[in-house]
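Shown next: run_37.tsv, given as TSV, C-alpha atoms.
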chain	number	residue	atom	x	y	z
A	1	MET	CA	0.00	0.00	0.00
A	2	GLN	CA	1.34	3.31	-1.03
A	3	THR	CA	1.66	6.69	0.58
A	4	SER	CA	2.59	10.05	-0.94
A	5	PRO	CA	4.24	10.85	-3.43
A	6	ALA	CA	4.71	7.36	-4.80
A	7	HIS	CA	0.96	7.00	-4.99
A	8	ALA	CA	0.82	9.55	-7.81
A	9	ALA	CA	0.53	6.86	-10.45
A	10	HIS	CA	-2.56	5.44	-8.74
A	11	HIS	CA	-4.85	8.41	-9.10
A	12	ASP	CA	-6.22	10.64	-11.84
A	13	ASP	CA	-3.06	11.95	-13.43
A	14	ARG	CA	-4.48	15.46	-13.43
A	15	GLU	CA	-4.48	15.56	-9.62
A	16	ILE	CA	-1.54	17.04	-7.74
A	17	GLU	CA	-1.52	16.37	-4.00
A	18	THR	CA	2.08	16.99	-2.91
A	19	LEU	CA	4.81	19.52	-3.62
A	20	GLU	CA	6.92	16.69	-5.07
A	21	GLU	CA	4.20	15.95	-7.62
A	22	PHE	CA	3.92	19.66	-8.47
A	23	ASP	CA	7.68	19.90	-9.00
A	24	ALA	CA	7.61	16.82	-11.23
A	25	VAL	CA	4.58	17.81	-13.32
A	26	VAL	CA	5.37	21.44	-14.16
A	27	PRO	CA	8.66	20.84	-16.04
A	28	ALA	CA	7.46	17.53	-17.53
A	29	ARG	CA	4.11	18.79	-18.86
A	30	GLY	CA	4.90	22.48	-19.23
A	31	THR	CA	1.28	23.25	-18.34
A	32	LEU	CA	-1.18	23.05	-15.46
A	33	ALA	CA	-4.21	23.62	-17.69
A	34	GLY	CA	-7.12	21.49	-16.43
A	35	PHE	CA	-5.19	20.19	-13.41
A	36	ARG	CA	-6.55	19.84	-9.85
A	37	VAL	CA	-4.09	20.97	-7.20
A	38	GLN	CA	-5.15	19.91	-3.72
A	39	ALA	CA	-3.87	21.36	-0.42
A	40	VAL	CA	-0.31	22.00	-1.65
A	41	ASP	CA	1.59	24.97	-0.19
A	42	LEU	CA	2.62	26.98	-3.27
A	43	THR	CA	3.91	30.03	-1.40
A	44	ASP	CA	7.43	29.39	-2.74
A	45	ARG	CA	6.33	28.46	-6.27
A	46	THR	CA	5.31	31.94	-7.47
A	47	ARG	CA	7.81	31.92	-10.37
A	48	GLU	CA	6.43	28.63	-11.69
A	49	LEU	CA	2.81	29.74	-11.33
A	50	LEU	CA	3.45	33.03	-13.15
A	51	ALA	CA	5.18	31.21	-16.02
A	52	THR	CA	2.74	28.30	-16.48
A	53	ASP	CA	-0.64	28.16	-18.21
A	54	THR	CA	-3.34	27.33	-15.63
A	55	ALA	CA	-6.47	27.67	-17.80
A	56	GLY	CA	-9.31	25.54	-16.41
A	57	ALA	CA	-7.27	24.42	-13.41
A	58	VAL	CA	-8.71	24.25	-9.91
A	59	PHE	CA	-6.62	25.08	-6.82
A	60	LEU	CA	-8.18	23.70	-3.64
A	61	GLY	CA	-6.85	25.22	-0.41
A	62	CYS	CA	-3.35	25.97	-1.74
A	63	PRO	CA	-1.57	28.83	0.08
A	64	MET	CA	0.03	31.15	-2.52
A	65	ARG	CA	1.15	34.76	-2.99
A	66	GLU	CA	-1.50	37.27	-4.05
A	67	ASN	CA	0.18	38.10	-7.41
A	68	ALA	CA	0.19	34.39	-8.29
A	69	ALA	CA	-3.48	34.03	-7.33
A	70	GLU	CA	-4.40	37.05	-9.47
A	71	LYS	CA	-2.57	35.69	-12.52
A	72	ILE	CA	-4.17	32.24	-12.10
A	73	ARG	CA	-7.66	33.74	-11.87
A	74	ALA	CA	-6.93	35.80	-15.00
A	75	ASP	CA	-6.01	32.52	-16.76
A	76	GLY	CA	-9.48	31.26	-15.98
A	77	ALA	CA	-8.54	28.96	-13.10
A	78	LEU	CA	-10.68	28.56	-9.98
A	79	VAL	CA	-8.99	29.32	-6.67
A	80	PHE	CA	-10.54	28.04	-3.43
A	81	PRO	CA	-8.37	29.73	-0.81
A	82	PRO	CA	-7.34	27.97	2.42
A	83	VAL	CA	-9.93	28.35	5.19
A	84	PRO	CA	-8.45	30.24	8.15
A	85	ASN	CA	-8.78	29.16	11.81
A	86	LEU	CA	-9.88	25.60	11.14
A	87	PRO	CA	-8.35	22.68	13.08
A	88	PHE	CA	-8.46	20.52	9.91
A	89	ASP	CA	-7.87	21.02	6.18
A	90	PRO	CA	-11.11	20.43	4.24
A	91	TYR	CA	-9.21	20.09	0.96
A	92	ARG	CA	-6.61	17.55	2.12
A	93	GLY	CA	-5.20	15.34	-0.62
A	94	LEU	CA	-4.02	12.39	1.49
A	95	LEU	CA	-5.33	10.34	4.40
A	96	TYR	CA	-4.31	11.08	7.99
A	97	SER	CA	-1.44	9.36	9.76
A	98	PRO	CA	-1.48	8.59	13.49
A	99	ASP	CA	1.40	11.06	13.98
A	100	GLU	CA	-0.65	13.81	12.39
A	101	LEU	CA	-3.84	13.23	14.40
A	102	PHE	CA	-1.96	12.79	17.70
A	103	ASP	CA	0.52	15.63	17.13
A	104	GLY	CA	1.18	17.37	20.47
A	105	LEU	CA	0.15	14.34	22.55
A	106	GLU	CA	2.97	15.12	25.01
A	107	LYS	CA	0.89	18.17	26.10
A	108	GLY	CA	-2.18	15.95	26.55
A	109	TYR	CA	-4.71	14.54	24.11
A	110	GLU	CA	-6.94	17.63	24.39
A	111	GLN	CA	-4.30	19.63	22.46
A	112	THR	CA	-4.08	17.24	19.48
A	113	PRO	CA	-5.57	17.96	16.02
A	114	ASP	CA	-7.91	15.00	16.56
A	115	ALA	CA	-9.38	16.47	19.75
A	116	LEU	CA	-9.51	20.00	18.31
A	117	ALA	CA	-11.39	18.82	15.21
A	118	TYR	CA	-13.91	17.06	17.45
A	119	ALA	CA	-14.34	20.19	19.57
A	120	TRP	CA	-14.98	22.25	16.40
A	121	PHE	CA	-17.52	19.65	15.26
A	122	GLN	CA	-19.32	19.83	18.63
A	123	ARG	CA	-19.48	23.62	18.41
A	124	THR	CA	-20.76	23.79	14.84
A	125	LYS	CA	-22.99	20.76	14.33
A	126	ALA	CA	-25.90	22.12	16.34
A	127	ASP	CA	-26.11	25.63	14.86
A	128	GLY	CA	-27.26	24.62	11.36
A	129	ASP	CA	-24.67	26.84	9.69
A	130	ILE	CA	-24.49	26.02	5.96
A	131	TYR	CA	-20.84	27.09	5.88
A	132	ALA	CA	-19.76	24.62	8.58
A	133	SER	CA	-21.77	21.75	7.08
A	134	MET	CA	-20.27	22.51	3.66
A	135	LEU	CA	-16.74	22.36	5.10
A	136	ARG	CA	-17.51	18.98	6.70
A	137	SER	CA	-18.86	17.65	3.39
A	138	VAL	CA	-15.88	18.91	1.39
A	139	HIS	CA	-13.52	17.35	3.95
A	140	ASP	CA	-15.32	13.97	3.90
A	141	ASP	CA	-15.38	13.92	0.11
A	142	ALA	CA	-11.63	14.64	-0.01
A	143	VAL	CA	-11.04	11.79	2.46
A	144	SER	CA	-13.12	9.37	0.33
A	145	ASP	CA	-11.13	10.38	-2.75
A	146	ALA	CA	-7.83	9.75	-0.95
A	147	LEU	CA	-9.11	6.40	0.36
A	148	ASP	CA	-10.11	5.23	-3.12
A	149	GLU	CA	-6.68	6.19	-4.47
A	150	LEU	CA	-4.93	4.31	-1.68
A	151	LEU	CA	-6.95	1.11	-2.02
A	152	ARG	CA	-7.15	0.86	-5.81
A	153	GLY	CA	-6.21	-2.66	-6.87
A	154	THR	CA	-5.89	-4.04	-3.31
A	155	ARG	CA	-7.85	-6.85	-1.67
A	156	VAL	CA	-9.41	-5.41	1.48
A	157	VAL	CA	-10.84	-7.42	4.35
A	158	GLY	CA	-12.86	-5.63	7.01
A	159	VAL	CA	-12.61	-6.57	10.68
A	160	MET	CA	-15.57	-5.28	12.71
A	161	GLY	CA	-16.04	-5.43	16.45
A	162	GLY	CA	-16.77	-3.40	19.53
A	163	HIS	CA	-14.71	-0.60	21.09
A	164	ALA	CA	-15.20	-2.11	24.55
A	165	MET	CA	-12.73	-5.00	24.10
A	166	ALA	CA	-9.95	-4.22	26.60
A	167	ARG	CA	-6.23	-4.52	26.00
A	168	GLY	CA	-4.66	-7.36	27.97
A	169	THR	CA	-7.61	-9.71	27.42
A	170	ARG	CA	-7.57	-13.03	25.58
A	171	GLU	CA	-10.09	-11.62	23.09
A	172	TYR	CA	-7.86	-8.64	22.27
A	173	ALA	CA	-4.84	-10.89	21.66
A	174	GLY	CA	-7.00	-13.13	19.45
A	175	ALA	CA	-8.21	-10.19	17.34
A	176	ALA	CA	-4.60	-9.02	16.98
A	177	ARG	CA	-3.48	-12.47	15.78
A	178	LEU	CA	-6.32	-12.46	13.26
A	179	GLY	CA	-5.18	-9.08	11.90
A	180	ARG	CA	-1.63	-10.43	11.62
A	181	GLU	CA	-2.77	-13.59	9.83
A	182	LEU	CA	-4.84	-11.62	7.28
A	183	ALA	CA	-2.01	-9.14	6.63
A	184	ARG	CA	0.50	-11.96	6.15
A	185	ALA	CA	-1.89	-13.53	3.62
A	186	GLY	CA	-1.48	-10.38	1.51
A	187	LEU	CA	-4.79	-8.76	2.42
A	188	THR	CA	-5.23	-5.14	3.46
A	189	VAL	CA	-6.89	-5.04	6.90
A	190	ALA	CA	-9.51	-2.29	7.31
A	191	THR	CA	-11.30	-1.51	10.57
A	192	GLY	CA	-13.53	1.18	12.03
A	193	GLY	CA	-10.28	2.71	13.25
A	194	GLY	CA	-11.22	3.05	16.90
A	195	PRO	CA	-10.19	1.30	20.15
A	196	GLY	CA	-10.94	-2.28	21.26
A	197	ALA	CA	-11.35	-4.95	18.59
A	198	MET	CA	-10.59	-2.38	15.89
A	199	GLU	CA	-7.27	-1.41	17.44
A	200	ALA	CA	-6.37	-5.07	17.97
A	201	ALA	CA	-6.83	-5.92	14.27
A	202	ASN	CA	-4.81	-2.87	13.17
A	203	LEU	CA	-2.10	-3.81	15.71
A	204	GLY	CA	-1.99	-7.32	14.21
A	205	ALA	CA	-1.41	-5.91	10.73
A	206	TYR	CA	1.29	-3.61	12.17
A	207	ALA	CA	2.96	-6.69	13.73
A	208	ALA	CA	2.88	-8.74	10.51
A	209	PRO	CA	6.51	-8.05	9.37
A	210	PHE	CA	8.02	-8.88	12.79
A	211	GLU	CA	8.80	-12.14	14.62
A	212	ASP	CA	5.74	-13.69	16.28
A	213	ALA	CA	7.02	-12.85	19.79
A	214	MET	CA	6.75	-9.12	19.06
A	215	LEU	CA	2.94	-9.23	19.24
A	216	ASP	CA	2.93	-10.80	22.71
A	217	GLU	CA	5.39	-8.18	23.97
A	218	ALA	CA	3.37	-5.37	22.41
A	219	CYS	CA	0.18	-6.67	24.06
A	220	ASP	CA	1.99	-6.67	27.43
A	221	ILE	CA	3.03	-3.02	27.03
A	222	LEU	CA	-0.49	-2.01	25.96
A	223	SER	CA	-2.13	-3.83	28.87
A	224	GLU	CA	-0.69	-1.15	31.21
A	225	ALA	CA	-3.39	1.18	29.79
A	226	PRO	CA	-6.25	-1.26	29.12
A	227	SER	CA	-8.85	1.29	27.97
A	228	PHE	CA	-9.14	4.81	26.55
A	229	THR	CA	-11.10	5.71	29.70
A	230	PRO	CA	-10.26	7.39	32.02
A	231	SER	CA	-7.30	8.81	30.06
A	232	ILE	CA	-7.04	8.90	26.27
A	233	THR	CA	-3.56	10.42	26.74
A	234	ASP	CA	-2.22	7.37	28.65
A	235	TRP	CA	-3.98	4.98	26.27
A	236	ALA	CA	-2.46	6.64	23.18
A	237	ARG	CA	1.01	7.00	24.76
A	238	ALA	CA	1.19	3.24	25.29
A	239	ALA	CA	0.50	2.71	21.58
A	240	PHE	CA	3.20	5.17	20.56
A	241	GLU	CA	5.60	3.42	22.93
A	242	VAL	CA	5.00	0.18	20.98
A	243	ARG	CA	5.46	2.01	17.68
A	244	ALA	CA	8.71	3.61	18.87
A	245	ARG	CA	10.09	0.25	19.92
A	246	TRP	CA	9.12	-1.51	16.68
A	247	THR	CA	9.25	1.05	13.90
A	248	ARG	CA	8.10	0.48	10.33
A	249	GLY	CA	5.23	-1.88	11.06
A	250	GLY	CA	2.91	-3.28	8.39
A	251	PRO	CA	0.25	-1.09	6.76
A	252	SER	CA	-3.49	-1.18	7.40
A	253	VAL	CA	-6.43	1.20	7.24
A	254	GLY	CA	-8.61	2.70	9.98
A	255	ILE	CA	-11.89	4.43	9.11
A	256	PRO	CA	-13.11	6.21	12.26
A	257	THR	CA	-15.50	9.14	12.75
A	258	TRP	CA	-15.69	12.32	14.81
A	259	PHE	CA	-19.40	11.53	15.18
A	260	TYR	CA	-18.30	9.18	17.99
A	261	GLY	CA	-15.98	11.79	19.44
A	262	HIS	CA	-15.53	10.02	22.76
A	263	GLU	CA	-13.76	7.25	20.80
A	264	PRO	CA	-10.25	8.25	19.72
A	265	PRO	CA	-8.66	6.72	16.61
A	266	ASN	CA	-6.05	4.03	17.22
A	267	ALA	CA	-2.40	4.61	16.40
A	268	PHE	CA	-1.72	1.29	14.63
A	269	ALA	CA	-3.54	1.96	11.35
A	270	SER	CA	-0.92	3.48	9.03
A	271	HIS	CA	-3.62	5.28	7.03
A	272	ILE	CA	-6.60	6.87	8.79
A	273	ALA	CA	-9.68	7.98	6.85
A	274	LYS	CA	-11.48	9.99	9.51
A	275	TYR	CA	-14.93	11.34	8.69
A	276	PHE	CA	-17.39	13.78	10.23
A	277	ALA	CA	-20.43	11.93	8.79
A	278	ASN	CA	-20.86	8.48	10.32
A	279	ALA	CA	-23.20	7.27	7.54
A	280	THR	CA	-20.55	8.01	4.88
A	281	ARG	CA	-17.96	6.27	7.02
A	282	GLU	CA	-20.05	3.13	7.69
A	283	ASP	CA	-21.03	2.63	4.08
A	284	GLY	CA	-17.52	3.46	2.86
A	285	LEU	CA	-15.86	0.94	5.15
A	286	LEU	CA	-18.14	-1.92	4.11
A	287	ALA	CA	-18.23	-1.01	0.41
A	288	ARG	CA	-14.43	-1.11	0.26
A	289	SER	CA	-14.12	-4.49	2.03
A	290	ASN	CA	-14.08	-6.32	-1.30
A	291	ALA	CA	-12.46	-9.49	0.11
A	292	GLY	CA	-15.05	-9.97	2.86
A	293	VAL	CA	-15.71	-8.96	6.45
A	294	VAL	CA	-15.07	-10.68	9.79
A	295	PHE	CA	-17.53	-9.68	12.54
A	296	LEU	CA	-16.20	-10.08	16.08
A	297	PRO	CA	-18.60	-9.87	19.05
A	298	GLY	CA	-19.99	-6.35	19.38
A	299	ALA	CA	-23.19	-4.56	20.28
A	300	ALA	CA	-25.60	-2.33	18.32
A	301	GLY	CA	-22.94	-0.86	16.03
A	302	THR	CA	-21.68	-4.27	14.93
A	303	VAL	CA	-25.23	-5.61	14.43
A	304	GLN	CA	-25.94	-2.59	12.20
A	305	GLU	CA	-22.76	-3.31	10.21
A	306	ILE	CA	-23.75	-6.95	9.67
A	307	PHE	CA	-27.00	-5.93	7.99
A	308	ASP	CA	-25.46	-2.92	6.22
A	309	ASN	CA	-23.14	-5.51	4.68
A	310	ALA	CA	-25.82	-8.16	4.10
A	311	THR	CA	-28.13	-5.87	2.11
A	312	PRO	CA	-25.89	-5.34	-0.98
A	313	ASN	CA	-24.95	-9.05	-0.77
A	314	TYR	CA	-28.66	-9.95	-0.78
A	315	TYR	CA	-29.47	-7.74	-3.77
A	316	GLU	CA	-26.04	-8.21	-5.39
A	317	SER	CA	-25.99	-4.45	-5.90
A	318	ARG	CA	-22.18	-4.41	-5.73
A	319	GLY	CA	-21.80	-7.53	-7.85
A	320	GLU	CA	-20.98	-10.96	-6.40
A	321	PRO	CA	-21.71	-11.34	-2.68
A	322	THR	CA	-18.59	-11.02	-0.50
A	323	PRO	CA	-17.73	-13.38	2.39
A	324	MET	CA	-19.17	-12.67	5.85
A	325	VAL	CA	-17.72	-14.52	8.85
A	326	LEU	CA	-19.35	-14.11	12.28
A	327	VAL	CA	-17.19	-15.09	15.26
A	328	ASN	CA	-18.54	-16.52	18.56
A	329	ARG	CA	-21.54	-18.82	18.28
A	330	VAL	CA	-23.08	-18.00	21.67
A	331	HIS	CA	-22.85	-14.26	21.05
A	332	TRP	CA	-24.49	-14.31	17.60
A	333	THR	CA	-27.10	-17.03	18.27
A	334	GLU	CA	-28.14	-16.40	21.89
A	335	LYS	CA	-26.97	-13.06	23.22
A	336	LEU	CA	-27.75	-11.11	20.02
A	337	PRO	CA	-29.35	-13.70	17.70
A	338	THR	CA	-28.22	-12.12	14.46
A	339	TRP	CA	-27.06	-15.34	12.79
A	340	PRO	CA	-30.50	-17.02	12.41
A	341	LEU	CA	-31.83	-13.90	10.67
A	342	LEU	CA	-28.78	-13.68	8.41
A	343	GLN	CA	-29.21	-17.38	7.52
A	344	ALA	CA	-32.90	-16.88	6.76
A	345	LEU	CA	-32.11	-13.89	4.52
A	346	ALA	CA	-29.42	-15.83	2.63
A	347	ARG	CA	-31.54	-18.93	2.01
A	348	GLU	CA	-31.62	-19.94	-1.68
A	349	ARG	CA	-29.67	-16.85	-2.72
A	350	SER	CA	-26.09	-16.74	-3.95
A	351	MET	CA	-24.97	-15.12	-0.66
A	352	GLU	CA	-25.84	-18.41	1.12
A	353	ALA	CA	-22.45	-19.82	0.07
A	354	ARG	CA	-20.68	-16.72	1.38
A	355	ILE	CA	-21.69	-16.67	5.07
A	356	ALA	CA	-20.23	-18.61	7.99
A	357	LEU	CA	-20.47	-18.73	11.78
A	358	VAL	CA	-17.38	-19.91	13.66
A	359	ASP	CA	-16.89	-20.38	17.36
A	360	ARG	CA	-13.30	-19.26	17.78
A	361	ILE	CA	-11.40	-16.34	16.33
A	362	GLU	CA	-8.64	-18.74	15.27
A	363	GLU	CA	-11.09	-20.25	12.75
A	364	ALA	CA	-11.99	-16.93	11.07
A	365	GLY	CA	-9.09	-16.77	8.61
A	366	GLU	CA	-9.71	-20.31	7.39
A	367	ALA	CA	-13.46	-19.66	7.02
A	368	LEU	CA	-12.75	-16.52	5.00
A	369	LYS	CA	-10.52	-18.54	2.65
A	370	ARG	CA	-13.21	-21.22	2.29
A	371	LEU	CA	-15.88	-18.68	1.33
A	372	THR	CA	-13.70	-16.87	-1.18
A	373	PRO	CA	-14.62	-17.91	-4.73
For the structure just supplied, provide its representation as structure tokens.
Amino acid sequence: MQTSPAHAAHHDDREIETLEEFDAVVPARGTLAGFRVQAVDLTDRTRELLATDTAGAVFLGCPMRENAAEKIRADGALVFPPVPNLPFDPYRGLLYSPDELFDGLEKGYEQTPDALAYAWFQRTKADGDIYASMLRSVHDDAVSDALDELLRGTRVVGVMGGHAMARGTREYAGAARLGRELARAGLTVATGGGPGAMEAANLGAYAAPFEDAMLDEACDILSEAPSFTPSITDWARAAFEVRARWTRGGPSVGIPTWFYGHEPPNAFASHIAKYFANATREDGLLARSNAGVVFLPGAAGTVQEIFDNATPNYYESRGEPTPMVLVNRVHWTEKLPTWPLLQALARERSMEARIALVDRIEEAGEALKRLTP
């Protein structure tokens, strides 16, 4: 999985999302006509902008000198200037990294861009201001665009499960081993990007390149701060301690939301697609899990995801049904009897051959393989 600027080849070749891409394109093409330049600081590229045709180009949130902006507008380009005093960039070209969202963690989580964006969301979501809702929509659309570019051509398996699963438990270690197994099989692990089962699966993918013992040691370190309550700061610091000790872990994707602001993102997903709109996030996570989804025990959110995933499989609205593996028989047949309903829905449809219920998390990877056509 790629990050900037190497990912340039993966997206529309008229999009420029980093300064490196800008510096490569201008001399090579000799024109920016019709290009889309997204969230690139062009303050020190005035000479190039003045000398290059920008007819029909669009500049989204690119800082630049006033004389450059005037010339570009005269060319017939559209300039959407950066929005001042926002804790996030609505025009961002790339997904978030854990380092970016948790920047300033040493001063406490409340000072991080993640917490500040949530605070802004809390302030603006109730007042019905068209400007604020437009900024959220532009941001979420930019994130979806970056996510599509990142995942193009990859086989993505979703791992769903509750945020309540504590570090240091047998369940957490099991979810982490599952993430590691899937990543080692060449799949891209995608989760809801939050704590609990989601963090465990992202941690497993992070651990994939290392010796097996690394995961046990990492789980020991994390168990010192079992939950993100009472202190998100302590919880996140433990994760960064693991990352500092084992650098360059394997890639995976987290897709969290500021809608659930009390839930911080986890630091083990290398690429974080964080949304303001939960509906966009839910649908986006499941729609991109093209190699199937594993559902670990969870509550209302996970039940919702099971049926959000079952519906397009039932109608085949996204093509062939994708595998669905539910883990923990007692949970899904007695505690929250989702499995009987899923089975009834699938009966005599092509999705019937793509669903499975397994008792133990260790069986999930094998079941996924069995259901994959």
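If only C-alpha atoms are the atoms counted, then among A:Ala291, A:Val83, A:Leu49, A:Ile255 the closest residue to Leu135 (chain A) is A:Val83.
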From the list A:Asp148, A:Glu334, A:Asp23, A:Asp13, which residue is nearest Phe35 (chain A) when using all atoms listed in the file?
A:Asp13
Identify, on the basis of only C-alpha atoms, every residue whose closest approach to Ile16 (chain A) does not exceed 8 Å; exclude the query and any residue fewer than 4 positions from it along the same chain; express the result as a tab-separated table (two decimals) with C-alpha atoms, in the coordinates of the input.
chain	number	residue	atom	x	y	z
A	8	ALA	CA	0.82	9.55	-7.81
A	21	GLU	CA	4.20	15.95	-7.62
A	22	PHE	CA	3.92	19.66	-8.47
A	35	PHE	CA	-5.19	20.19	-13.41
A	36	ARG	CA	-6.55	19.84	-9.85
A	37	VAL	CA	-4.09	20.97	-7.20
A	38	GLN	CA	-5.15	19.91	-3.72
A	40	VAL	CA	-0.31	22.00	-1.65
Please report the interatomic distance between CA of Gly254 (chain A) and CA of Tyr96 (chain A) in Å with one decimal.
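Interatomic distance, CA of Gly254 (chain A) to CA of Tyr96 (chain A): 9.6 Å.
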Between A:Thr372, A:Ser252, A:Thr43, A:Thr154, which one has atoms that come closest to Ala267 (chain A), using only C-alpha atoms?
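Checking each candidate against Ala267 (chain A), we get A:Ser252 as the closest.
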Min atom-atom distance to Val138 (chain A) from the set A:Asp99, A:Asp89, A:Glu181, A:Asp234, counting only C-alpha atoms, belongs to A:Asp89
Just the number, please: distance in Å from CA of Ala142 (chain A) to CA of Asn313 (chain A), one decimal.
27.2 Å
Env of Ile355 (chain A): 7 Å cut, atoms = all atoms listed in the file, seq-sep filter 6 positions within chain, self excluded. Answer as a compact mmCIF listing (two decimals) with C-alpha atoms, keeping the file's coordinate frame.
# COMPACT_ATOMS: atom_id res chain seq x y z
CA PRO A 323 -17.73 -13.38 2.39
CA MET A 324 -19.17 -12.67 5.85
CA VAL A 325 -17.72 -14.52 8.85
Counting only C-alpha atoms, which of A:Thr52, A:Glu199, A:Trp258, A:Val242 gets nearest to Lys125 (chain A)?
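Ranking A:Thr52, A:Glu199, A:Trp258, A:Val242 by distance to Lys125 (chain A), first place goes to A:Trp258.
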From the options A:Asp220, A:Asp141, A:Asp41, A:Glu320, which residue's atoms come nearest to Pro81 (chain A), counting only C-alpha atoms?
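With only C-alpha atoms as the atom set, the closest residue is A:Asp41.
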Mind pulling up the distance from CA of Ala117 (chain A) to CA of Phe80 (chain A)?
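Separation between CA of Phe80 (chain A) and CA of Ala117 (chain A): 20.8 Å.
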Find the spatial neighbours of Ala69 (chain A), counting only C-alpha atoms, within a cut-off of 10 Å - ignore same-chain residues fewer than 6 positions away - and output them as a PyMOL selection string.
chain A and resi 46+49-50+59+62-63+75+77-79+81
Any chance you could export the current selection's C-alpha atoms as a short mmCIF file (atom, residue, chain, number, x, y, z; two decimals), keeping the file's coordinate frame?
data_model
loop_
_atom_site.label_atom_id
_atom_site.label_comp_id
_atom_site.auth_asym_id
_atom_site.auth_seq_id
_atom_site.Cartn_x
_atom_site.Cartn_y
_atom_site.Cartn_z
CA THR A 46 5.31 31.94 -7.47
CA LEU A 49 2.81 29.74 -11.33
CA LEU A 50 3.45 33.03 -13.15
CA PHE A 59 -6.62 25.08 -6.82
CA CYS A 62 -3.35 25.97 -1.74
CA PRO A 63 -1.57 28.83 0.08
CA ASP A 75 -6.01 32.52 -16.76
CA ALA A 77 -8.54 28.96 -13.10
CA LEU A 78 -10.68 28.56 -9.98
CA VAL A 79 -8.99 29.32 -6.67
CA PRO A 81 -8.37 29.73 -0.81
#
Which residues, protein or nucleic acid, reach to within 12 Å of (0.0, 11.8, 19.1) in the file's coordinates when using all atoms listed in the file, and can you give that as a ChimeraX atom specification?
/A:96-115,232-241,243-244,264-268
For Glu305 (chain A): contacts at 8 Å, all atoms listed in the file, fewer than 2 positions along chain excluded, given as a PDB file with C-alpha atoms, in the frame of the given file:
ATOM      1  CA  MET A 160     -15.570  -5.280  12.710  1.00  0.00           C
ATOM      2  CA  GLU A 282     -20.050   3.130   7.690  1.00  0.00           C
ATOM      3  CA  LEU A 286     -18.140  -1.920   4.110  1.00  0.00           C
ATOM      4  CA  GLY A 301     -22.940  -0.860  16.030  1.00  0.00           C
ATOM      5  CA  THR A 302     -21.680  -4.270  14.930  1.00  0.00           C
ATOM      6  CA  VAL A 303     -25.230  -5.610  14.430  1.00  0.00           C
ATOM      7  CA  PHE A 307     -27.000  -5.930   7.990  1.00  0.00           C
ATOM      8  CA  ASP A 308     -25.460  -2.920   6.220  1.00  0.00           C
ATOM      9  CA  ASN A 309     -23.140  -5.510   4.680  1.00  0.00           C
TER      10      ASN A 309
END
